[in-house]
>>> print(open('data37.cif').read())   # mmCIF, C-alpha atoms
data_input
loop_
_atom_site.label_atom_id
_atom_site.label_comp_id
_atom_site.auth_asym_id
_atom_site.auth_seq_id
_atom_site.Cartn_x
_atom_site.Cartn_y
_atom_site.Cartn_z
CA MET A 1 0.00 0.00 0.00
CA GLU A 2 1.30 3.42 -0.88
CA GLU A 3 2.16 5.50 2.13
CA GLU A 4 0.42 8.84 2.31
CA SER A 5 2.73 11.74 2.98
CA GLN A 6 2.66 15.50 2.83
CA GLN A 7 5.65 17.80 2.90
CA GLY A 8 7.79 15.01 4.21
CA PHE A 9 5.36 14.01 6.98
CA SER A 10 3.72 10.62 7.12
CA LEU A 11 0.00 11.16 7.45
CA GLU A 12 -0.38 7.60 8.72
CA LEU A 13 2.00 8.27 11.61
CA LEU A 14 0.39 11.63 12.37
CA ARG A 15 -3.10 10.11 12.35
CA SER A 16 -2.04 7.27 14.60
CA GLY A 17 -0.68 9.75 17.14
CA ASP A 18 3.02 8.97 16.70
CA ARG A 19 4.68 11.37 19.17
CA ALA A 20 7.98 11.73 17.29
CA GLU A 21 6.22 12.57 14.02
CA ILE A 22 3.93 15.03 15.79
CA ALA A 23 6.96 16.67 17.42
CA ARG A 24 8.54 17.05 13.97
CA LEU A 25 5.36 18.65 12.66
CA VAL A 26 5.21 21.05 15.60
CA ASP A 27 8.85 22.04 15.14
CA ALA A 28 8.39 22.64 11.44
CA HIS A 29 5.42 24.98 11.90
CA SER A 30 5.62 26.51 15.36
CA THR A 31 7.55 29.64 14.34
CA LYS A 32 5.04 30.44 11.58
CA ILE A 33 2.05 29.98 13.87
CA TYR A 34 3.67 32.00 16.65
CA ARG A 35 4.48 34.80 14.20
CA LEU A 36 0.90 34.82 12.92
CA GLY A 37 -0.37 35.14 16.49
CA LEU A 38 2.07 37.98 17.20
CA LYS A 39 1.06 39.92 14.11
CA MET A 40 -2.64 39.34 14.69
CA LEU A 41 -2.67 40.22 18.39
CA ALA A 42 0.50 42.27 18.98
CA ASN A 43 1.06 40.60 22.34
CA PRO A 44 3.54 37.77 23.08
CA GLN A 45 1.32 36.14 25.71
CA ASP A 46 -1.64 36.07 23.33
CA ALA A 47 0.61 34.73 20.56
CA GLU A 48 1.68 31.91 22.89
CA ASP A 49 -1.97 31.11 23.65
CA VAL A 50 -2.75 30.99 19.93
CA LEU A 51 0.26 28.71 19.39
CA GLN A 52 -0.67 26.26 22.14
CA ASN A 53 -4.37 26.15 21.31
CA THR A 54 -3.66 25.69 17.60
CA PHE A 55 -1.51 22.62 18.15
CA LEU A 56 -3.77 21.20 20.87
CA LYS A 57 -6.70 21.37 18.47
CA ALA A 58 -4.65 20.14 15.53
CA ILE A 59 -3.40 17.09 17.43
CA GLN A 60 -6.95 16.32 18.48
CA ALA A 61 -8.17 16.60 14.90
CA LEU A 62 -5.24 14.81 13.24
CA PRO A 63 -6.84 11.32 13.31
CA LYS A 64 -9.55 12.72 11.05
CA PHE A 65 -7.29 14.86 8.84
CA GLU A 66 -7.99 13.69 5.31
CA GLY A 67 -5.06 15.41 3.68
CA ARG A 68 -7.20 17.12 1.08
CA SER A 69 -5.74 20.48 1.98
CA ASN A 70 -2.10 21.18 2.56
CA ILE A 71 -1.18 20.51 6.19
CA ALA A 72 0.42 23.98 6.60
CA THR A 73 -2.72 25.67 5.25
CA TRP A 74 -4.82 23.56 7.59
CA LEU A 75 -2.72 24.65 10.59
CA TYR A 76 -2.97 28.29 9.51
CA ARG A 77 -6.75 27.94 9.33
CA ILE A 78 -6.90 26.69 12.91
CA ALA A 79 -4.52 29.45 14.04
CA VAL A 80 -6.54 32.19 12.32
CA ASN A 81 -9.70 30.99 14.06
CA GLU A 82 -7.91 30.88 17.40
CA SER A 83 -6.60 34.43 16.87
CA LEU A 84 -10.01 35.79 15.93
CA MET A 85 -11.60 34.06 18.90
CA LEU A 86 -9.04 35.64 21.23
CA ILE A 87 -9.57 39.09 19.71
CA ARG A 88 -13.31 38.73 20.24
CA ARG A 89 -12.79 37.65 23.81
CA ARG A 90 -10.49 40.61 24.44
CA LYS A 91 -12.98 43.06 22.99
CA PRO A 92 -16.43 41.64 23.66
CA GLU A 93 -18.11 44.97 23.13
CA PHE A 94 -16.57 45.30 19.73
CA ASP A 95 -19.03 45.26 16.87
CA PHE A 96 -17.25 43.23 14.23
CA ALA A 97 -19.94 43.46 11.62
CA SER A 98 -19.79 47.23 11.51
CA LYS A 99 -16.02 47.28 11.30
CA ILE A 100 -15.99 44.66 8.63
CA GLU A 101 -18.69 46.25 6.51
CA GLY A 102 -17.40 48.79 4.12
CA ASP A 103 -13.87 47.41 3.91
CA GLU A 104 -14.35 46.20 0.41
CA ASP A 105 -16.51 49.06 -0.78
CA ASP A 106 -14.37 51.88 0.51
CA GLU A 107 -12.79 53.86 -2.22
CA LEU A 108 -9.10 53.17 -2.62
CA LEU A 109 -7.47 56.20 -1.17
CA LEU A 110 -4.09 57.58 -2.13
CA THR A 111 -2.97 60.72 -0.36
CA GLN A 112 0.75 60.17 0.25
CA PHE A 113 3.27 60.64 -2.53
CA SER A 114 6.51 61.04 -0.70
CA ASP A 115 9.25 58.91 -2.25
CA TRP A 116 10.86 57.41 0.83
CA CYS A 117 12.36 54.38 -0.90
CA CYS A 118 15.77 56.08 -0.94
CA LEU A 119 16.04 56.19 2.86
CA PRO A 120 18.95 54.06 4.07
CA GLU A 121 18.05 50.47 4.97
CA SER A 122 19.29 51.05 8.53
CA GLU A 123 16.64 53.72 8.95
CA LEU A 124 13.91 51.69 7.23
CA VAL A 125 14.38 48.76 9.61
CA SER A 126 15.48 50.59 12.77
CA SER A 127 13.84 49.35 15.96
CA GLU A 128 11.70 52.48 16.06
CA ALA A 129 10.58 51.83 12.48
CA GLN A 130 9.80 48.21 13.33
CA ASN A 131 7.61 49.35 16.21
CA TYR A 132 5.79 51.58 13.78
CA LEU A 133 5.34 48.71 11.30
CA ASP A 134 3.77 46.64 14.10
CA LYS A 135 1.51 49.49 15.11
CA ALA A 136 0.40 50.19 11.55
CA ILE A 137 -0.65 46.59 10.92
CA GLN A 138 -2.86 46.74 14.02
CA GLU A 139 -4.70 49.66 12.44
CA LEU A 140 -6.03 47.39 9.72
CA SER A 141 -9.36 45.67 10.28
CA GLU A 142 -8.92 42.00 11.29
CA LYS A 143 -10.24 40.95 7.93
CA LEU A 144 -7.61 42.89 5.98
CA ARG A 145 -4.86 42.18 8.49
CA VAL A 146 -5.16 38.43 8.27
CA VAL A 147 -5.02 38.44 4.47
CA PHE A 148 -1.93 40.65 4.49
CA ILE A 149 -0.19 38.45 7.09
CA LEU A 150 -0.85 35.20 5.24
CA ARG A 151 -0.04 36.51 1.79
CA ASP A 152 2.72 39.08 2.28
CA ILE A 153 4.37 38.02 5.52
CA GLU A 154 3.95 34.26 5.39
CA LYS A 155 4.06 34.25 1.57
CA LEU A 156 1.12 31.92 1.02
CA SER A 157 -0.25 31.95 -2.52
CA ILE A 158 -3.62 33.53 -3.31
CA THR A 159 -5.12 30.02 -3.51
CA GLU A 160 -3.63 28.90 -0.19
CA THR A 161 -4.77 32.12 1.50
CA SER A 162 -8.29 31.61 0.19
CA GLU A 163 -8.25 28.00 1.47
CA ALA A 164 -6.90 28.99 4.89
CA LEU A 165 -9.58 31.66 5.30
CA ASN A 166 -12.36 29.86 3.48
CA ILE A 167 -13.09 32.86 1.27
CA SER A 168 -12.98 33.24 -2.51
CA GLU A 169 -9.78 34.11 -4.34
CA ALA A 170 -11.47 37.29 -5.56
CA ALA A 171 -12.10 38.34 -1.95
CA VAL A 172 -8.45 37.62 -1.07
CA LYS A 173 -7.29 39.85 -3.94
CA THR A 174 -9.65 42.69 -3.03
CA ARG A 175 -8.70 42.62 0.65
CA LEU A 176 -5.01 42.26 -0.12
CA LEU A 177 -4.97 45.35 -2.32
CA ARG A 178 -6.78 47.36 0.34
CA ALA A 179 -4.49 46.16 3.11
CA ARG A 180 -1.38 46.90 1.07
CA LEU A 181 -2.56 50.39 0.11
CA GLN A 182 -3.60 51.28 3.66
CA LEU A 183 -0.24 50.19 5.01
CA ARG A 184 1.58 52.07 2.25
CA GLU A 185 -0.30 55.22 3.23
CA MET A 186 0.64 54.82 6.90
CA LEU A 187 4.27 53.99 6.16
CA SER A 188 4.50 56.92 3.75
CA LYS A 189 3.42 59.31 6.49
CA TYR A 190 5.98 57.87 8.87
CA TYR A 191 8.95 57.59 6.51
CA GLY A 192 7.97 60.81 4.74
CA GLU A 193 8.59 62.66 7.99
CA ARG A 194 11.98 61.02 8.30
CA LEU A 195 12.77 62.03 4.75
CA ASP A 196 11.82 65.64 5.45
CA ALA A 197 13.96 65.64 8.59
CA GLU A 198 16.92 64.37 6.56
CA LYS A 199 16.48 67.10 3.98
CA ILE A 200 16.46 69.79 6.68
CA GLU A 201 19.67 68.38 8.16
CA MET B 1 3.42 56.65 -27.61
CA LYS B 2 0.28 58.02 -26.06
CA GLU B 3 -0.66 56.67 -22.66
CA HIS B 4 -3.90 54.68 -22.53
CA LEU B 5 -3.99 53.94 -18.85
CA ASN B 6 -5.18 56.37 -16.22
CA CYS B 7 -4.13 56.38 -12.57
CA GLY B 8 -7.39 54.78 -11.39
CA ALA B 9 -7.04 51.86 -13.80
CA LEU B 10 -3.48 51.34 -12.63
CA LEU B 11 -4.68 51.04 -9.06
CA GLU B 12 -6.92 48.09 -9.88
CA SER B 13 -4.03 46.10 -11.37
CA LEU B 14 -1.46 47.23 -8.84
CA SER B 15 -1.29 44.04 -6.73
CA GLU B 16 -0.88 41.79 -9.75
CA TYR B 17 1.74 44.15 -11.12
CA VAL B 18 3.90 44.20 -7.98
CA ASP B 19 3.48 40.43 -7.62
CA GLY B 20 4.75 40.00 -11.19
CA VAL B 21 1.69 38.06 -12.34
CA LEU B 22 0.18 40.60 -14.70
CA GLY B 23 0.02 39.85 -18.43
CA ASP B 24 2.68 41.37 -20.68
CA ALA B 25 0.38 43.84 -22.42
CA LEU B 26 -0.94 45.40 -19.20
CA CYS B 27 2.53 45.37 -17.71
CA LYS B 28 3.82 47.42 -20.62
CA GLU B 29 0.93 49.84 -20.27
CA ILE B 30 1.70 50.33 -16.59
CA GLU B 31 5.37 50.83 -17.29
CA SER B 32 4.71 53.43 -19.93
CA HIS B 33 2.23 55.15 -17.60
CA ILE B 34 4.62 55.33 -14.64
CA ALA B 35 7.39 56.62 -16.87
CA ASP B 36 5.27 59.76 -17.29
CA CYS B 37 3.28 59.87 -14.05
CA ASP B 38 5.52 60.53 -11.09
CA ASP B 39 2.83 60.03 -8.43
CA CYS B 40 2.02 56.56 -9.76
CA ARG B 41 5.70 55.67 -9.96
CA VAL B 42 6.08 56.63 -6.29
CA VAL B 43 2.99 54.59 -5.36
CA VAL B 44 4.39 51.51 -7.15
CA ASP B 45 7.86 51.88 -5.61
CA THR B 46 6.68 52.56 -2.07
CA LEU B 47 4.12 49.77 -2.26
CA LYS B 48 6.82 47.29 -3.23
CA LYS B 49 8.97 48.60 -0.40
CA THR B 50 6.09 48.31 2.09
CA ILE B 51 5.62 44.62 1.27
CA TYR B 52 9.37 44.01 1.32
CA LEU B 53 9.80 45.65 4.75
CA TYR B 54 7.04 43.62 6.39
CA HIS B 55 8.37 40.37 5.02
CA LYS B 56 11.99 41.15 5.84
CA THR B 57 11.43 42.30 9.41
CA SER B 58 9.07 39.38 10.17
CA GLU B 59 11.45 36.76 8.84
CA GLU B 60 13.71 37.39 11.79
CA THR B 61 10.97 36.50 14.29
CA GLN B 62 11.63 33.02 15.63
CA ILE B 63 9.77 31.20 18.35
CA PRO B 64 11.61 31.93 21.64
CA ILE B 65 13.20 28.87 23.26
CA ASP B 66 11.13 29.12 26.45
CA VAL B 67 7.90 29.43 24.43
CA ARG B 68 8.85 26.30 22.49
CA GLU B 69 9.61 24.43 25.68
CA ARG B 70 6.27 25.33 27.26
CA LEU B 71 4.52 24.34 24.03
CA PHE B 72 6.14 20.90 24.00
CA HIS B 73 5.23 20.32 27.64
CA ARG B 74 1.67 21.44 27.06
CA LEU B 75 1.39 19.04 24.13
CA ASP B 76 2.83 16.22 26.18
CA LEU B 77 5.88 16.13 23.91
CA GLY B 78 8.35 16.92 26.69
CA ASN B 79 10.61 14.02 25.65
CA PHE B 80 11.24 15.65 22.32
CA THR B 81 12.34 19.11 23.42
CA GLN B 82 16.02 18.24 22.91
CA LYS B 83 15.60 17.37 19.28
CA LYS B 84 15.42 20.90 17.99
CA LYS B 85 17.66 21.44 15.04
CA GLN B 86 19.59 24.67 14.90
CA ALA B 87 17.60 27.19 12.90
#
>>> encode(input="data37.cif", output="structure tokens")
Amino acid sequence: MEEESQQGFSLELLRSGDRAEIARLVDAHSTKIYRLGLKMLANPQDAEDVLQNTFLKAIQALPKFEGRSNIATWLYRIAVNESLMLIRRRKPEFDFASKIEGDEDDELLLTQFSDWCCLPESELVSSEAQNYLDKAIQELSEKLRVVFILRDIEKLSITETSEALNISEAAVKTRLLRARLQLREMLSKYYGERLDAEKIE
Amino acid sequence: MKEHLNCGALLESLSEYVDGVLGDALCKEIESHIADCDDCRVVVDTLKKTIYLYHKTSEETQIPIDVRERLFHRLDLGNFTQKKKQA
């Protein structure tokens, strides 16, 4: 009988609860899941909760994992749900529907045209700049943020992102463009100021 | 050559363009447009840089050793904590 495997993991061993194989799976994906939690929630303790809950649920569900979707995409899907659940628990009064509505209908807005690409790399990735990058991503709605994280940070394809989020590829593309443009606006304001300061000096 | 593309039309194809998955004909149109339209050129360049910066700065984030250890214990995989390969 042909042995079923995915990305070098034996699905038979994973389904049967083989501890060594599960440990290998956890090691291969834990950084990605932790990073997703950090970017979604901006808090290391919350990211750790997302990480632990994701793998607890995955291990529980492994015996029934059919292998139809990619195992990494499947783990991301669990982690996204865990992140969203934690966000909802943190902000119970938050009206998600109203924040989500409008995201895709809003006009694409471009107001910043400062050409900050020429700033030195050391300034673009300084620790202050990195704090700003983290803050800016939190300004996106959850719906846009998660698409940006999966596609542009974790480098999933459009198809994988749509599978992980259970939304159409068209919706991924629309949200991705909005997320990217909103972040570009915010970064342009930030780096534009640095550029102006450099010119004055 | 006269430009056919306006700034609004460019915006709709922007993601595909920066991802390098846009067809040749539209790609050429965008390139000829941004050669003449400075604002659009800046938008394209800074958008590419935005994506690059997020990816680059996130790549360095690794799971901290103590977080990994607690995870393995929580998952009842404590016996396997020593097997971590150097990243």
>>> closest_atom_pairs(input="data37.cif", of="chain B", to="chain A", cutoff="6 Å", atoms="all atoms listed in the file", output="tab-separated table")
residue	atom	partner	partner_atom	distance
B:Ser15	CA	A:Leu177	CA	5.9
B:Asp39	CA	A:Phe113	CA	5.9
B:Val42	CA	A:Asp115	CA	5.6
B:Leu47	CA	A:Arg184	CA	5.7
B:Thr50	CA	A:Arg184	CA	5.9
B:His55	CA	A:Ile153	CA	4.7
B:Gln62	CA	A:Thr31	CA	5.5
B:Ile63	CA	A:Thr31	CA	4.8
B:Leu71	CA	A:Gln52	CA	5.8
>>> axis_aligned_box(input="data37.cif", around="stretch 56-68 of chain B", padding_each_side="3 Å", output="lines of an AutoDock Vina configuration file")
center_x = 10.8
center_y = 34.3
center_z = 16.1
size_x = 11.8
size_y = 22.0
size_z = 26.6
>>> atom_distance(input="data37.cif", atom1="atom CA of A:Arg145", atom2="atom CA of A:Gly37")
11.6 Å
>>> resolve_selection(input="data37.cif", expression="the PyMOL selection byres ((chain A and resi 171) around 12)", output="list in words")
Asp103, Glu104, Asp105, Lys143, Leu144, Val147, Ile158, Thr159, Thr161, Ser162, Glu163, Leu165, Asn166, Ile167, Ser168, Glu169, Ala170, Val172, Lys173, Thr174, Arg175, Leu176, Leu177 and Arg178 of chain A
>>> residues_around(input="data37.cif", residues="B:Leu26", least_positions_apart="2", cutoff="12 Å", atoms="only C-alpha atoms", output="PyMOL selection string")
chain B and resi 3-5+9-10+12-14+16-17+20-24+28-33
>>> atom_distance(input="data37.cif", atom1="atom CA of A:Val50", atom2="atom CA of A:Leu75")
11.3 Å
>>> closest_residue(input="data37.cif", among="B:Leu75, B:Ala25, B:Cys40, B:Tyr54", to="A:Lys135", atoms="only C-alpha atoms")
B:Tyr54
>>> resolve_selection(input="data37.cif", expression="the PyMOL selection byres ((chain A and resi 72) around 10)", output="PDB file with C-alpha atoms, in the frame of the given file")
ATOM      1  CA  GLN A   6       2.660  15.500   2.830  1.00  0.00           C
ATOM      2  CA  GLN A   7       5.650  17.800   2.900  1.00  0.00           C
ATOM      3  CA  LEU A  25       5.360  18.650  12.660  1.00  0.00           C
ATOM      4  CA  ALA A  28       8.390  22.640  11.440  1.00  0.00           C
ATOM      5  CA  HIS A  29       5.420  24.980  11.900  1.00  0.00           C
ATOM      6  CA  LYS A  32       5.040  30.440  11.580  1.00  0.00           C
ATOM      7  CA  ILE A  33       2.050  29.980  13.870  1.00  0.00           C
ATOM      8  CA  SER A  69      -5.740  20.480   1.980  1.00  0.00           C
ATOM      9  CA  ASN A  70      -2.100  21.180   2.560  1.00  0.00           C
ATOM     10  CA  ILE A  71      -1.180  20.510   6.190  1.00  0.00           C
ATOM     11  CA  THR A  73      -2.720  25.670   5.250  1.00  0.00           C
ATOM     12  CA  TRP A  74      -4.820  23.560   7.590  1.00  0.00           C
ATOM     13  CA  LEU A  75      -2.720  24.650  10.590  1.00  0.00           C
ATOM     14  CA  TYR A  76      -2.970  28.290   9.510  1.00  0.00           C
ATOM     15  CA  ARG A  77      -6.750  27.940   9.330  1.00  0.00           C
ATOM     16  CA  LEU A 156       1.120  31.920   1.020  1.00  0.00           C
ATOM     17  CA  GLU A 160      -3.630  28.900  -0.190  1.00  0.00           C
ATOM     18  CA  ALA A 164      -6.900  28.990   4.890  1.00  0.00           C
TER      19      ALA A 164
END
>>> closest_residue(input="data37.cif", among="B:Leu53, B:Ile65, B:Cys27, B:Val44", to="B:Leu11", atoms="only C-alpha atoms")
B:Val44
>>> atom_distance(input="data37.cif", atom1="atom CA of A:Glu139", atom2="atom CA of B:Glu59")
21.0 Å
>>> build_atoms(input="data37.cif", residues="stretch 41-69 of chain B", atoms="N, CA and C atoms", output="CSV table (one decimal), in the coordinates of the input")
chain,number,residue,atom,x,y,z
B,41,ARG,N,4.4,56.3,-10.1
B,41,ARG,CA,5.7,55.7,-10.0
B,41,ARG,C,6.0,55.5,-8.5
B,42,VAL,N,5.8,56.6,-7.7
B,42,VAL,CA,6.1,56.6,-6.3
B,42,VAL,C,5.2,55.6,-5.6
B,43,VAL,N,3.9,55.6,-6.0
B,43,VAL,CA,3.0,54.6,-5.4
B,43,VAL,C,3.5,53.2,-5.6
B,44,VAL,N,3.9,52.9,-6.8
B,44,VAL,CA,4.4,51.5,-7.2
B,44,VAL,C,5.6,51.2,-6.3
B,45,ASP,N,6.6,52.1,-6.3
B,45,ASP,CA,7.9,51.9,-5.6
B,45,ASP,C,7.7,51.7,-4.1
B,46,THR,N,6.8,52.6,-3.5
B,46,THR,CA,6.7,52.6,-2.1
B,46,THR,C,5.8,51.4,-1.7
B,47,LEU,N,4.9,51.0,-2.6
B,47,LEU,CA,4.1,49.8,-2.3
B,47,LEU,C,5.0,48.5,-2.2
B,48,LYS,N,5.9,48.4,-3.2
B,48,LYS,CA,6.8,47.3,-3.2
B,48,LYS,C,7.7,47.3,-2.0
B,49,LYS,N,8.1,48.5,-1.6
B,49,LYS,CA,9.0,48.6,-0.4
B,49,LYS,C,8.2,48.2,0.9
B,50,THR,N,6.9,48.6,0.9
B,50,THR,CA,6.1,48.3,2.1
B,50,THR,C,6.0,46.8,2.3
B,51,ILE,N,5.7,46.1,1.2
B,51,ILE,CA,5.6,44.6,1.3
B,51,ILE,C,7.0,44.0,1.7
B,52,TYR,N,8.0,44.5,1.0
B,52,TYR,CA,9.4,44.0,1.3
B,52,TYR,C,9.7,44.2,2.8
B,53,LEU,N,9.4,45.4,3.4
B,53,LEU,CA,9.8,45.6,4.8
B,53,LEU,C,9.1,44.7,5.7
B,54,TYR,N,7.8,44.5,5.5
B,54,TYR,CA,7.0,43.6,6.4
B,54,TYR,C,7.6,42.2,6.3
B,55,HIS,N,7.9,41.7,5.1
B,55,HIS,CA,8.4,40.4,5.0
B,55,HIS,C,9.8,40.3,5.7
B,56,LYS,N,10.6,41.2,5.3
B,56,LYS,CA,12.0,41.2,5.8
B,56,LYS,C,12.0,41.2,7.4
B,57,THR,N,11.3,42.2,8.0
B,57,THR,CA,11.4,42.3,9.4
B,57,THR,C,10.7,41.1,10.1
B,58,SER,N,9.8,40.5,9.5
B,58,SER,CA,9.1,39.4,10.2
B,58,SER,C,9.9,38.1,10.1
B,59,GLU,N,10.6,38.0,9.0
B,59,GLU,CA,11.4,36.8,8.8
B,59,GLU,C,12.3,36.5,10.0
B,60,GLU,N,12.8,37.6,10.7
B,60,GLU,CA,13.7,37.4,11.8
B,60,GLU,C,13.0,36.9,13.1
B,61,THR,N,11.7,37.0,13.1
B,61,THR,CA,11.0,36.5,14.3
B,61,THR,C,11.0,35.0,14.4
B,62,GLN,N,11.6,34.5,15.4
B,62,GLN,CA,11.6,33.0,15.6
B,62,GLN,C,10.9,32.7,16.9
B,63,ILE,N,10.4,31.5,17.1
B,63,ILE,CA,9.8,31.2,18.4
B,63,ILE,C,10.8,31.2,19.5
B,64,PRO,N,10.6,31.9,20.6
B,64,PRO,CA,11.6,31.9,21.6
B,64,PRO,C,11.7,30.5,22.3
B,65,ILE,N,12.9,30.2,22.7
B,65,ILE,CA,13.2,28.9,23.3
B,65,ILE,C,12.3,28.5,24.4
B,66,ASP,N,12.0,29.5,25.3
B,66,ASP,CA,11.1,29.1,26.4
B,66,ASP,C,9.7,28.9,26.0
B,67,VAL,N,9.3,29.6,25.0
B,67,VAL,CA,7.9,29.4,24.4
B,67,VAL,C,7.8,28.0,23.8
B,68,ARG,N,8.8,27.6,23.1
B,68,ARG,CA,8.8,26.3,22.5
B,68,ARG,C,8.8,25.2,23.6
B,69,GLU,N,9.6,25.4,24.6
B,69,GLU,CA,9.6,24.4,25.7
B,69,GLU,C,8.2,24.3,26.3
